[in-house]
Every structure is written in C-alpha cells, then in structure tokens.
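Text of protein-v1.txt, listed as compact mmCIF, C-alpha atoms and all ligand atoms:
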# COMPACT_ATOMS: atom_id res chain seq x y z
CA MET H 1081 -93.33 -26.43 -56.98
CA LYS H 1082 -89.55 -25.97 -57.20
CA TYR H 1083 -87.60 -22.86 -56.23
CA ILE H 1084 -84.79 -21.36 -58.27
CA ILE H 1085 -83.28 -18.61 -56.16
CA GLY H 1086 -80.44 -16.62 -57.72
CA ASN H 1087 -78.05 -14.97 -55.28
CA TRP H 1088 -76.08 -12.14 -56.91
CA LYS H 1089 -73.98 -11.62 -53.74
CA SER H 1090 -71.94 -8.36 -53.90
CA ASN H 1091 -71.98 -8.05 -57.67
CA LYS H 1092 -73.41 -5.59 -60.20
CA ASN H 1093 -74.12 -1.87 -60.29
CA ILE H 1094 -77.00 0.04 -61.89
CA VAL H 1095 -75.71 -0.29 -65.45
CA GLU H 1096 -75.08 -4.02 -65.03
CA THR H 1097 -78.49 -4.55 -63.45
CA ARG H 1098 -80.22 -2.82 -66.36
CA ASP H 1099 -78.19 -4.95 -68.72
CA TRP H 1100 -79.12 -8.20 -66.91
CA PHE H 1101 -82.85 -7.44 -67.00
CA ALA H 1102 -82.81 -6.31 -70.64
CA LYS H 1103 -80.91 -9.43 -71.73
CA PHE H 1104 -82.97 -11.80 -69.59
CA THR H 1105 -86.16 -10.29 -71.00
CA ASN H 1106 -84.88 -10.69 -74.53
CA ILE H 1107 -83.97 -14.35 -74.00
CA TYR H 1108 -87.13 -15.13 -72.03
CA SER H 1109 -89.54 -13.45 -74.45
CA LYS H 1110 -88.20 -15.51 -77.37
CA GLN H 1111 -88.94 -18.78 -75.56
CA LYS H 1112 -91.78 -18.03 -73.21
CA GLU H 1113 -94.38 -19.71 -75.44
CA THR H 1114 -92.44 -22.98 -75.33
CA ILE H 1115 -91.48 -23.18 -71.66
CA SER H 1116 -93.72 -23.42 -68.65
CA THR H 1117 -92.66 -21.78 -65.43
CA ALA H 1118 -95.95 -22.72 -63.75
CA ASN H 1119 -94.22 -25.25 -61.50
CA LEU H 1120 -91.26 -23.01 -60.75
CA THR H 1121 -90.83 -20.12 -58.34
CA LEU H 1122 -88.09 -17.88 -59.69
CA VAL H 1123 -86.35 -15.45 -57.34
CA ILE H 1124 -83.46 -13.03 -57.84
CA CYS H 1125 -81.63 -11.60 -54.84
CA PRO H 1126 -79.68 -8.46 -55.82
CA PRO H 1127 -77.77 -6.24 -53.39
CA PHE H 1128 -80.09 -4.03 -51.29
CA ILE H 1129 -79.25 -0.86 -53.18
CA LEU H 1130 -80.32 -2.41 -56.50
CA LEU H 1131 -83.66 -3.75 -55.30
CA PRO H 1132 -85.78 -0.71 -56.24
CA LEU H 1133 -84.35 -0.79 -59.76
CA ALA H 1134 -84.77 -4.56 -60.02
CA LYS H 1135 -88.41 -4.21 -58.96
CA GLU H 1136 -88.99 -1.43 -61.49
CA LEU H 1137 -87.44 -3.44 -64.33
CA ARG H 1138 -89.17 -6.68 -63.36
CA ASP H 1139 -92.54 -4.85 -63.44
CA LYS H 1140 -91.75 -2.96 -66.64
CA TYR H 1141 -90.79 -6.16 -68.49
CA GLY H 1142 -93.51 -8.27 -66.82
CA LEU H 1143 -91.08 -10.99 -65.79
CA PRO H 1144 -92.19 -13.96 -63.65
CA LEU H 1145 -89.53 -13.17 -61.05
CA SER H 1146 -89.83 -12.55 -57.34
CA LEU H 1147 -87.19 -10.57 -55.49
CA GLY H 1148 -85.27 -11.32 -52.33
CA VAL H 1149 -82.67 -9.79 -50.05
CA GLN H 1150 -79.40 -11.51 -49.20
CA ASN H 1151 -79.41 -10.49 -45.55
CA ILE H 1152 -81.58 -8.63 -43.06
CA SER H 1153 -81.07 -6.73 -39.83
CA PRO H 1154 -81.68 -8.58 -36.55
CA PHE H 1155 -83.20 -5.31 -35.24
CA VAL H 1156 -86.69 -3.93 -35.79
CA GLU H 1157 -85.70 -0.29 -36.40
CA GLY H 1158 -83.89 2.56 -34.75
CA ALA H 1159 -80.31 3.59 -34.05
CA PHE H 1160 -78.50 0.78 -35.85
CA THR H 1161 -76.23 2.52 -38.33
CA GLY H 1162 -75.96 0.80 -41.66
CA GLU H 1163 -78.65 -1.80 -41.08
CA VAL H 1164 -81.47 -2.56 -43.52
CA THR H 1165 -84.54 -3.80 -41.69
CA ALA H 1166 -87.16 -6.33 -42.73
CA ASN H 1167 -89.79 -3.58 -42.87
CA MET H 1168 -87.69 -1.68 -45.41
CA ALA H 1169 -86.94 -4.80 -47.45
CA LYS H 1170 -90.54 -5.90 -47.68
CA GLU H 1171 -91.43 -2.92 -49.87
CA PHE H 1172 -89.30 -4.52 -52.59
CA ALA H 1173 -88.74 -8.16 -51.71
CA GLN H 1174 -90.76 -11.25 -50.86
CA TYR H 1175 -87.83 -13.46 -49.82
CA ALA H 1176 -84.92 -13.10 -47.40
CA ILE H 1177 -81.77 -15.21 -47.48
CA ILE H 1178 -80.50 -15.56 -43.93
CA GLY H 1179 -77.38 -17.24 -42.59
CA HIS H 1180 -75.42 -17.67 -45.79
CA SER H 1181 -72.09 -19.29 -44.90
CA GLU H 1182 -70.24 -16.20 -46.18
CA ARG H 1183 -72.04 -14.16 -43.52
CA ARG H 1184 -71.46 -16.79 -40.85
CA GLU H 1185 -67.73 -16.93 -41.65
CA LYS H 1186 -66.83 -13.41 -42.74
CA PHE H 1187 -69.25 -11.34 -40.64
CA GLY H 1188 -69.33 -13.45 -37.50
CA GLU H 1189 -73.05 -14.21 -37.63
CA THR H 1190 -73.93 -16.67 -34.89
CA ASP H 1191 -76.90 -19.00 -34.51
CA ASN H 1192 -78.40 -16.52 -32.01
CA ILE H 1193 -78.08 -13.53 -34.34
CA LEU H 1194 -79.49 -15.58 -37.20
CA SER H 1195 -82.45 -16.65 -35.14
CA GLU H 1196 -83.23 -12.94 -34.48
CA LYS H 1197 -82.93 -12.23 -38.20
CA ALA H 1198 -85.36 -15.04 -38.99
CA LYS H 1199 -87.86 -13.60 -36.49
CA ARG H 1200 -87.63 -10.14 -38.07
CA ALA H 1201 -88.08 -11.55 -41.57
CA LYS H 1202 -91.05 -13.64 -40.51
CA SER H 1203 -92.80 -10.77 -38.76
CA ALA H 1204 -92.45 -8.70 -41.96
CA SER H 1205 -94.00 -11.61 -43.90
CA LEU H 1206 -90.84 -12.29 -45.89
CA THR H 1207 -90.31 -15.91 -46.89
CA THR H 1208 -87.15 -16.92 -45.08
CA VAL H 1209 -84.49 -18.89 -46.96
CA PHE H 1210 -82.29 -20.09 -44.12
CA CYS H 1211 -78.89 -21.38 -45.21
CA ILE H 1212 -77.10 -24.12 -43.32
CA PRO H 1213 -73.63 -25.49 -44.09
CA GLY H 1214 -74.43 -28.90 -42.64
CA PRO H 1215 -77.35 -31.06 -41.57
CA GLU H 1216 -76.76 -30.47 -37.84
CA THR H 1217 -76.79 -26.65 -38.04
CA PRO H 1218 -79.75 -25.30 -36.01
CA VAL H 1219 -82.74 -24.08 -38.02
CA PRO H 1220 -85.03 -21.49 -36.40
CA VAL H 1221 -88.70 -22.36 -36.32
CA GLU H 1222 -89.43 -19.20 -38.39
CA ALA H 1223 -87.46 -20.48 -41.40
CA ASP H 1224 -89.69 -21.38 -44.36
CA ILE H 1225 -87.11 -22.79 -46.76
CA VAL H 1226 -83.86 -24.42 -45.62
CA ALA H 1227 -80.93 -24.15 -48.04
CA TYR H 1228 -78.34 -26.89 -47.58
CA GLU H 1229 -75.06 -25.47 -48.87
CA PRO H 1230 -71.84 -27.35 -48.10
CA VAL H 1231 -69.14 -24.68 -47.84
CA TRP H 1232 -66.68 -26.58 -50.05
CA ALA H 1233 -69.21 -26.61 -52.90
CA ILE H 1234 -69.79 -22.83 -52.97
CA GLY H 1235 -68.13 -21.11 -55.91
CA THR H 1236 -65.80 -24.05 -56.53
CA GLY H 1237 -67.45 -25.77 -59.47
CA LYS H 1238 -67.75 -28.91 -57.33
CA THR H 1239 -71.21 -30.01 -56.26
CA GLU H 1240 -72.38 -32.33 -53.55
CA SER H 1241 -73.39 -35.62 -55.16
CA PRO H 1242 -77.14 -35.48 -55.86
CA GLN H 1243 -77.61 -38.73 -53.95
CA LYS H 1244 -75.93 -37.34 -50.83
CA ALA H 1245 -77.74 -33.99 -51.17
CA GLY H 1246 -81.03 -35.88 -51.42
CA GLU H 1247 -80.26 -37.89 -48.27
CA VAL H 1248 -79.28 -34.74 -46.37
CA ALA H 1249 -82.48 -33.02 -47.55
CA GLU H 1250 -84.56 -35.93 -46.25
CA TYR H 1251 -82.73 -35.79 -42.92
CA ILE H 1252 -83.29 -32.01 -42.64
CA LYS H 1253 -86.98 -32.49 -43.39
CA LYS H 1254 -87.32 -35.11 -40.66
CA LYS H 1255 -85.65 -32.77 -38.17
CA ASN H 1256 -87.66 -29.73 -39.36
CA PRO H 1257 -91.10 -30.93 -40.39
CA GLY H 1258 -93.03 -28.81 -42.83
CA LYS H 1259 -90.04 -26.92 -44.26
CA SER H 1260 -88.94 -26.97 -47.88
CA VAL H 1261 -85.30 -27.90 -48.47
CA ILE H 1262 -83.20 -26.63 -51.37
CA TYR H 1263 -79.60 -27.27 -52.41
CA GLY H 1264 -76.89 -24.69 -53.16
CA GLY H 1265 -73.27 -24.98 -54.27
CA SER H 1266 -72.07 -24.69 -57.90
CA VAL H 1267 -75.51 -25.25 -59.39
CA LYS H 1268 -75.69 -24.62 -63.15
CA ALA H 1269 -77.86 -25.59 -66.10
CA GLU H 1270 -75.91 -28.82 -66.69
CA ASN H 1271 -76.47 -30.20 -63.19
CA VAL H 1272 -79.69 -28.55 -61.98
CA ASN H 1273 -81.98 -31.43 -62.87
CA SER H 1274 -79.84 -33.99 -61.08
CA PHE H 1275 -80.93 -32.17 -57.90
CA LEU H 1276 -84.45 -31.08 -58.86
CA SER H 1277 -85.43 -34.54 -60.06
CA LEU H 1278 -85.09 -35.83 -56.49
CA GLY H 1279 -88.37 -35.66 -54.64
CA SER H 1280 -86.69 -34.52 -51.42
CA ILE H 1281 -85.08 -31.42 -53.00
CA ASP H 1282 -87.47 -28.51 -53.46
CA GLY H 1283 -85.18 -26.17 -55.35
CA VAL H 1284 -81.73 -24.71 -55.88
CA LEU H 1285 -79.79 -21.59 -54.91
CA PRO H 1286 -77.36 -20.70 -57.70
CA GLY H 1287 -74.84 -17.92 -57.03
CA GLY H 1288 -72.27 -17.53 -59.81
CA SER H 1289 -74.54 -18.85 -62.54
CA SER H 1290 -77.30 -16.36 -61.68
CA LEU H 1291 -75.04 -13.44 -62.65
CA ASP H 1292 -75.26 -14.10 -66.35
CA PRO H 1293 -78.83 -13.83 -67.74
CA GLN H 1294 -78.26 -16.61 -70.27
CA SER H 1295 -76.92 -19.08 -67.72
CA PHE H 1296 -79.72 -18.23 -65.29
CA PHE H 1297 -82.25 -18.66 -68.08
CA ASP H 1298 -80.68 -22.02 -69.04
CA ILE H 1299 -81.21 -23.24 -65.48
CA VAL H 1300 -84.87 -22.19 -65.71
CA LEU H 1301 -85.23 -23.77 -69.13
CA ASN H 1302 -83.82 -27.12 -68.00
CA ALA H 1303 -85.85 -27.08 -64.80
CA SER H 1304 -89.02 -26.34 -66.75
CA SER H 1305 -88.58 -29.56 -68.71
CA LEU H 1306 -88.86 -31.77 -65.62
P1 LIG D 1401 -72.36 -20.75 -56.22
O1 LIG D 1401 -72.94 -20.04 -54.89
O2 LIG D 1401 -73.54 -21.18 -57.03
O3 LIG D 1401 -71.56 -19.66 -56.89
O4 LIG D 1401 -71.55 -21.91 -55.77
C1 LIG D 1401 -74.03 -20.60 -54.21
C2 LIG D 1401 -74.26 -19.83 -52.96
O5 LIG D 1401 -73.31 -19.38 -52.31
O6 LIG D 1401 -75.44 -19.61 -52.56
Take the structure I supplied and represent it as structure tokens, if you would.
Ligand code: PGA
Amino acid sequence: MKYIIGNWKSNKNIVETRDWFAKFTNIYSKQKETISTANLTLVICPPFILLPLAKELRDKYGLPLSLGVQNISPFVEGAFTGEVTANMAKEFAQYAIIGHSERREKFGETDNILSEKAKRAKSASLTTVFCIPGPETPVPVEADIVAYEPVWAIGTGKTESPQKAGEVAEYIKKKNPGKSVIYGGSVKAENVNSFLSLGSIDGVLPGGSSLDPQSFFDIVLNASSL
C-alpha cells in the first residue's frame, strides 16, 4: 500500500474547491476502468473551512479519496480562540498532517507542541502524518506515518535524489520501528515513481501538484502502474 497525500496548504475557496472536485471526477471517471487504485491510499488535505464541502463532494461523486487536516490544536477543547481540535476534525477527516516545516518555521511550532498535537490526533483516532525536515528530527511515538520533507525541496521544483530519500527512509524506519515513511518536496507525476518504486518509501506528499486536478490525477495514474 502506498500513500498519496495532497496538501493544498492555504489555497482555494468554495468555488475553486467545487471546480477541483468536478474536474477530478470528470478525469477520474473516464479512466477508472483502466486504472487500479487498490494499492493506493489517496488523501486530500484542504484548509479546515473547506473540509465539510470536500466531504460532501467526495461522497456525492463517490471518489476513492480520504480527507485530512493540515494542522490540529494541541489542546483538547475549551477557551483556545481560533483553534480547531482533533475532535472537530475527525467528523470530516481521517488523517492529520502535523509538524509541516512551514508551521515549524512560520508559526514557531516546537517539538514539544508537536508532540501534544500528535497525542490529540491519536486520541481522536486520526492517522497522524508527522513531517520532519531531517532524519534526526524527533518523531513522537503517536505518529503513524513519518513524512521526510527536506525544506530546500519544498515548492522549489528540486527533489531529493530518490537514492538519498530511500536511504533516509530506511534510517527513519530503523529509528522508529513500525512507522510508514513517505517523501515530500516537489513531487509530481514525472518523478513520483522514482520514489514509490523504492521499497523503503511508502508514499508521497505532493503540495503544489495537488492543486490542479489533472496533475494530481497524473500522479495517481503513474503510481497505479507500479
Ligand atoms: P511541494 O510541497 O510539493 O509544493 O514541494 C510539499 C509539501 O510542502 O508538503
């Protein structure tokens, strides 16, 4: 089983979300007889506010997509203005991205805060996709999937070499037995299989190329041929 987890980041509004699902459905329905997604777990992570709509459209179109959040509160519930808790998210999402390097860098999220977030996600039965910028970054025991994402490869069009990514994935697995390891950083249809064909890499986390339904579908299509 390989994961393809699309991270929309802070992009799209209601109109654009409707458009993405309509176009993805159109593309997918034309090819669904010829591709097999049985060995793939497909996840889309829209902004919180778009999750109810994404869930509605996914169900309406019968798409083989799970949904995830891009972040989660470290608190259970209560007087924490602006926070979205794991218990709220779980009504719409099955996955939670935690510790993306953009949140570590731009929102000051520390290893301690991220460990709390992982606990909250786990206790709400969300599958935790814990991002680390390097192999030595601590991984909480609650993390289910570890996403190795070198900061210089995010949004730059430059990827880690598959060989190096594979070695890092093996190292992360030795340090964190039992966890899946995926790669993120400028993944697109043209390079996805260079990562997925390595036994040590259990999936990918595309950002920019998940925004366009055709380019996300092309990633799925190529991955389905492996
Ligand atoms: P990118 O983003 O695919 O646009 O490089 C990946 C990520 O930040 O998760």
Next on the checklist: Taking 6 positions as the minimum chain separation for residues in the same chain, which residues sit within 6 Å of range 1149-1164 of chain H when counting only C-alpha atoms? Answer as a list of chain:residue names.
Outcome noted: H:Cys1125, H:Ala1176, H:Ile1177, H:Ile1178, H:Glu1196, H:Lys1197
Item to check | Distance filter 8 Å around ligand LIG 1401 (chain D), atoms: all atoms listed in the file, out as a PyMOL selection string | outcome: chain H and resi 1086-1087+1089+1180-1182+1229+1233-1237+1264-1268+1285-1290
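CA of Asn1091 in chain H to CA of Pro1126 in chain H spans 7.9 Å [interatomic distance, one decimal].
Computed from the coordinates, the CA of Ser1203 in chain H to CA of Val1221 in chain H distance equals 12.5 Å.
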Item to check | Interatomic distance, CA of Pro1220 in chain H to CA of Ala1198 in chain H (Å, one decimal) | outcome: 7.0 Å
Next on the checklist: Quick one: residues within 10 Å of Phe1104 in chain H, all atoms listed in the file, excluding same-chain residues fewer than 2 positions away - as a list in words?
Outcome noted: Arg1098, Asp1099, Trp1100, Phe1101, Ala1102, Asn1106, Ile1107, Tyr1108, Ser1109, Tyr1141, Leu1143, Asp1292, Pro1293, Gln1294, Ser1295, Phe1296 and Phe1297 of chain H
Item to check | Selection near Ala1118 in chain H, 12 Å with all atoms listed in the file, sequence-local residues under 4 positions removed, as an MDAnalysis selection string | outcome: chainID H and resid 1081:1083 1112 1122 1144:1145 1300 1303:1306
Checklist entry - Using all atoms listed in the file, which residue out of H:Ala1204, H:Val1231, H:Ile1225, H:Val1272 lies closest to Arg1184 in chain H? => result H:Val1231
Item to check | Test item: residues at most 8 Å from Ser1205 in chain H, all atoms listed in the file, excluding those fewer than 4 positions along its chain, as an MDAnalysis selection string | outcome: chainID H and resid 1170 1174 1201
Close residues, Tyr1228 in chain H itself excluded, 9 Å, all atoms listed in the file, min 5 positions apart in chain, as a PDB file with C-alpha atoms, in the frame of the given file:
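Everything below was put into out_12.pdb:
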ATOM      1  CA  PHE H1210     -82.290 -20.090 -44.120  1.00  0.00           C
ATOM      2  CA  CYS H1211     -78.890 -21.380 -45.210  1.00  0.00           C
ATOM      3  CA  ILE H1212     -77.100 -24.120 -43.320  1.00  0.00           C
ATOM      4  CA  PRO H1213     -73.630 -25.490 -44.090  1.00  0.00           C
ATOM      5  CA  GLY H1214     -74.430 -28.900 -42.640  1.00  0.00           C
ATOM      6  CA  PRO H1215     -77.350 -31.060 -41.570  1.00  0.00           C
ATOM      7  CA  ALA H1245     -77.740 -33.990 -51.170  1.00  0.00           C
ATOM      8  CA  VAL H1248     -79.280 -34.740 -46.370  1.00  0.00           C
ATOM      9  CA  ALA H1249     -82.480 -33.020 -47.550  1.00  0.00           C
ATOM     10  CA  ILE H1252     -83.290 -32.010 -42.640  1.00  0.00           C
ATOM     11  CA  VAL H1261     -85.300 -27.900 -48.470  1.00  0.00           C
ATOM     12  CA  ILE H1262     -83.200 -26.630 -51.370  1.00  0.00           C
ATOM     13  CA  TYR H1263     -79.600 -27.270 -52.410  1.00  0.00           C
ATOM     14  CA  GLY H1264     -76.890 -24.690 -53.160  1.00  0.00           C
ATOM     15  CA  GLY H1265     -73.270 -24.980 -54.270  1.00  0.00           C
TER      16      GLY H1265
END
Next on the checklist: Which residue is closest to Lys1255 in chain H? Choose from H:Glu1136, H:Glu1185, H:Glu1113, H:Glu1216 and count only C-alpha atoms.
Outcome noted: H:Glu1216
